[in-house]
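Have a look at model.txt below; it lists compact mmCIF, C-alpha atoms.
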# COMPACT_ATOMS: atom_id res chain seq x y z
CA MET A 1078 13.86 -32.86 4.74
CA PHE A 1079 11.65 -29.92 5.75
CA GLN A 1080 9.91 -29.90 9.09
CA PRO A 1081 6.34 -28.63 9.59
CA LYS A 1082 7.57 -26.12 12.18
CA SER A 1083 9.73 -24.35 9.65
CA THR A 1084 6.89 -24.05 7.11
CA PHE A 1085 4.62 -22.65 9.82
CA SER A 1086 7.32 -20.16 10.85
CA LYS A 1087 7.82 -19.04 7.25
CA GLN A 1088 4.09 -18.60 6.59
CA PHE A 1089 3.59 -16.89 9.95
CA THR A 1090 6.39 -14.41 9.23
CA GLU A 1091 5.11 -13.63 5.73
CA ARG A 1092 1.55 -13.11 7.03
CA LEU A 1093 2.76 -10.93 9.91
CA VAL A 1094 4.73 -8.69 7.54
CA LYS A 1095 1.74 -8.42 5.17
CA GLU A 1096 -0.67 -7.50 7.98
CA ALA A 1097 1.74 -4.95 9.44
CA THR A 1098 2.30 -3.39 6.01
CA ASP A 1099 -1.44 -3.20 5.25
CA PHE A 1100 -2.17 -1.70 8.68
CA TYR A 1101 0.58 0.91 8.30
CA ILE A 1102 -0.62 1.94 4.84
CA ALA A 1103 -4.26 2.08 6.01
CA THR A 1104 -3.46 4.29 9.01
CA LYS A 1105 -1.14 6.50 6.97
CA THR A 1106 -3.74 7.19 4.25
CA GLN A 1107 -6.94 7.08 6.33
CA ARG A 1108 -7.70 10.83 6.26
CA THR A 1109 -7.00 11.19 2.54
CA LYS A 1110 -9.08 8.10 1.75
CA THR A 1111 -12.01 9.57 3.69
CA THR A 1112 -11.72 12.79 1.66
CA VAL A 1113 -11.58 10.84 -1.60
CA ASP A 1114 -14.63 8.78 -0.62
CA ASN A 1115 -16.61 11.92 0.30
CA LEU A 1116 -15.69 13.64 -2.95
CA GLN A 1117 -16.58 10.53 -4.92
CA PHE A 1118 -19.98 10.44 -3.20
CA LYS A 1119 -20.56 14.13 -4.01
CA ALA A 1120 -19.46 13.63 -7.62
CA ASP A 1121 -21.85 10.72 -8.06
CA SER A 1122 -24.70 12.69 -6.47
CA ILE A 1123 -24.12 15.76 -8.65
CA GLU A 1124 -23.80 13.58 -11.73
CA ARG A 1125 -27.22 12.03 -11.05
CA LYS A 1126 -28.75 15.52 -10.56
CA LEU A 1127 -27.05 16.75 -13.73
CA ASN A 1128 -28.42 13.84 -15.73
CA ARG A 1129 -31.94 14.50 -14.40
CA LYS A 1130 -31.60 18.22 -15.23
CA THR A 1131 -30.39 17.41 -18.75
CA TYR A 1132 -33.46 15.24 -19.38
CA SER A 1133 -35.66 17.92 -17.80
CA VAL A 1134 -34.28 20.65 -20.09
CA ALA A 1135 -34.69 18.44 -23.13
CA SER A 1136 -38.32 17.62 -22.28
CA SER A 1137 -39.22 21.24 -21.52
CA MET A 1138 -37.71 22.34 -24.86
CA ASP A 1139 -39.82 19.73 -26.64
CA VAL A 1140 -42.98 20.98 -24.91
CA ASN A 1141 -42.30 24.69 -25.65
CA LEU A 1142 -42.02 24.58 -29.41
CA ASN A 1143 -44.56 27.42 -29.78
CA PRO A 1144 -42.60 30.73 -29.80
CA ALA A 1145 -45.76 32.70 -28.94
CA ARG A 1146 -45.71 31.34 -25.41
CA SER A 1147 -42.72 33.16 -23.95
CA ALA A 1148 -43.79 32.52 -20.33
CA ALA A 1149 -43.20 28.83 -20.90
CA GLY A 1150 -39.61 29.66 -21.95
CA VAL A 1151 -38.82 30.90 -18.44
CA SER A 1152 -38.97 27.40 -17.02
CA THR A 1153 -36.63 26.22 -19.78
CA GLU A 1154 -34.24 29.07 -18.99
CA ILE A 1155 -34.28 28.23 -15.26
CA GLU A 1156 -33.70 24.57 -16.03
CA THR A 1157 -30.81 25.47 -18.33
CA ARG A 1158 -29.27 27.76 -15.72
CA ASP A 1159 -29.55 25.05 -13.07
CA LYS A 1160 -27.96 22.60 -15.48
CA ILE A 1161 -25.01 24.96 -16.08
CA ILE A 1162 -24.56 25.45 -12.34
CA LEU A 1163 -24.62 21.70 -11.81
CA GLN A 1164 -22.08 21.24 -14.62
CA THR A 1165 -19.75 23.76 -12.97
CA MET A 1166 -20.15 22.11 -9.58
CA TYR A 1167 -19.55 18.70 -11.10
CA LEU A 1168 -16.36 19.85 -12.83
CA GLU A 1169 -15.01 21.35 -9.59
CA VAL A 1170 -15.82 18.26 -7.56
CA ILE A 1171 -14.18 16.03 -10.17
CA LYS A 1172 -11.11 18.28 -10.20
CA ASN A 1173 -10.87 18.14 -6.39
CA LEU A 1174 -11.42 14.40 -6.48
CA GLU A 1175 -8.53 13.88 -8.88
CA LEU A 1176 -6.29 16.14 -6.81
CA SER A 1177 -7.19 14.17 -3.68
CA LYS A 1178 -6.47 10.89 -5.44
CA MET A 1179 -3.05 12.21 -6.48
CA ALA A 1180 -2.36 13.38 -2.93
CA MET A 1181 -3.37 9.96 -1.60
CA ALA A 1182 -1.08 8.24 -4.09
CA GLN A 1183 1.80 10.49 -2.99
CA GLU A 1184 1.01 9.93 0.69
CA THR A 1185 0.79 6.15 0.37
CA PRO A 1186 4.09 4.70 1.55
CA VAL A 1187 5.88 2.26 -0.71
CA ILE A 1188 7.03 -0.72 1.27
CA GLN A 1189 9.30 -3.17 -0.45
CA ILE A 1190 10.18 -6.54 1.02
CA VAL A 1191 13.95 -6.75 0.74
CA ASP A 1192 14.54 -10.20 2.16
CA SER A 1193 11.75 -12.73 2.42
CA PRO A 1194 12.06 -15.68 4.75
CA ILE A 1195 13.28 -18.95 3.27
CA LEU A 1196 12.97 -22.43 4.56
CA PRO A 1197 16.10 -23.82 6.21
CA LEU A 1198 18.52 -25.71 4.04
CA ARG A 1199 18.98 -29.42 4.48
CA PRO A 1200 21.74 -30.11 6.99
CA GLN A 1201 24.99 -31.19 5.40
CA ARG A 1202 27.07 -33.59 7.43
CA VAL A 1203 30.82 -33.39 7.53
CA GLY A 1204 32.59 -36.68 6.81
CA LYS A 1205 34.51 -38.48 9.58
CA ILE A 1206 37.95 -37.96 8.04
CA LYS A 1207 37.31 -34.30 7.32
CA GLY A 1208 35.89 -33.78 10.83
CA LEU A 1209 38.84 -35.48 12.52
CA THR A 1210 41.32 -33.47 10.44
CA LEU A 1211 39.65 -30.11 11.13
CA GLY A 1212 39.10 -30.96 14.81
CA GLY A 1213 42.74 -31.99 15.18
CA LEU A 1214 43.98 -28.78 13.58
CA PHE A 1215 41.70 -26.71 15.80
CA ALA A 1216 42.79 -28.56 18.94
CA GLY A 1217 46.46 -28.17 17.90
CA PHE A 1218 46.07 -24.40 17.53
CA ILE A 1219 44.39 -24.10 20.92
CA CYS A 1220 47.14 -26.19 22.59
CA ALA A 1221 49.86 -24.14 20.89
CA PHE A 1222 48.31 -20.85 22.06
CA PHE A 1223 47.92 -22.24 25.57
CA LEU A 1224 51.55 -23.39 25.75
CA ILE A 1225 52.91 -20.14 24.28
CA GLY A 1226 50.77 -18.11 26.68
CA ARG A 1227 51.91 -20.20 29.64
CA ARG A 1228 55.58 -19.79 28.70
CA TYR A 1229 55.09 -16.02 28.23
CA VAL A 1230 53.49 -15.67 31.66
CA ALA A 1231 56.22 -17.81 33.27
CA GLU A 1232 58.96 -15.60 31.70
CA LYS A 1233 57.29 -12.42 32.88
CA LEU A 1234 57.00 -13.71 36.46
CA ASP A 1235 60.71 -14.82 36.63

Give the structure from this file in C-alpha cells form.
Amino acid sequence: MFQPKSTFSKQFTERLVKEATDFYIATKTQRTKTTVDNLQFKADSIERKLNRKTYSVASSMDVNLNPARSAAGVSTEIETRDKIILQTMYLEVIKNLELSKMAMAQETPVIQIVDSPILPLRPQRVGKIKGLTLGGLFAGFICAFFLIGRRYVAEKLD
C-alpha cells in the first residue's frame, strides 16, 4: 500500500530535477538566445522593408511605361537598387541567424535523467519459521566468534 508521503516525495523530486535542468539550460544559453532573438527581429524588419520595396518597384514600373520619360526611370532605378541592397542585407542576416541557431543548439547542454525516482515497494514480511531459523543461525555465528575470540585472547595472555 502506497503512502501519500511517498507520492509527494516522488513528485517533488521529479519537479525539482526538471526546474534545475530548465534553469541550467536557460542560464547556459542566455547570451546565444538573446543574439538569436535580435537577429530574428532584424530579419523580420528587413523582410517587411524588402516586401514594401518590391511592391514599390513594381508600382513605379507600371507607372513609367512611357520610354520618353527617362527622368521617371531614375526613381525606378533607385527603388531597384534599394531593393537589391535590402535583399543582400536580408540574406546576410538570415545566414547569421542560422549560424547563431546552430551555435545555440551546440551550446545547449543535453541532460539525460539516468535514474528516476520510484515509489517504494510494498514491504514483504518474513515468515516466523524463516525468521527464527535465520535469527538462530546469525546468533550462533556471533556466539561462535565471541567464544573463539575469548579463547584466543585467554591463550595469548597465558

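In terms of minimum interatomic distance to Arg1129 of chain A, A:Leu1163 ranks closest within A:Leu1163, A:Ile1102, A:Arg1158, A:Ile1206, counting all atoms listed in the file.
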
Using only C-alpha atoms, I'd like a table of the residues in segment 1097-1142 of chain A that come within 7 Å of segment 1181-1190 of chain A; for each, show the closest atom pair and its distance in Å rounded to one decimal, ordered by chain and ascending number, as a Markdown table.
| residue | atom | partner | partner_atom | distance |
| --- | --- | --- | --- | --- |
| A:Ile1102 | CA | A:Thr1185 | CA | 6.3 |
| A:Lys1105 | CA | A:Thr1185 | CA | 6.9 |
| A:Thr1106 | CA | A:Thr1185 | CA | 6.1 |
| A:Thr1109 | CA | A:Met1181 | CA | 5.6 |
| A:Lys1110 | CA | A:Met1181 | CA | 6.9 |

>> So the first atom is atom CA of Ala1180 of chain A and the second is atom CA of Lys1095 of chain A; what is the distance between them in Å, to one decimal place?
In response: 23.6 Å

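Relative to atom CA of Pro1197 of chain A, atom CA of Leu1211 of chain A is found at 24.9 Å.
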
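Residues with any atom within 12 Å of Asp1192 of chain A, counting all atoms listed in the file and excluding same-chain neighbours fewer than 5 positions away, are Thr1090, Glu1091 and Val1094 of chain A.
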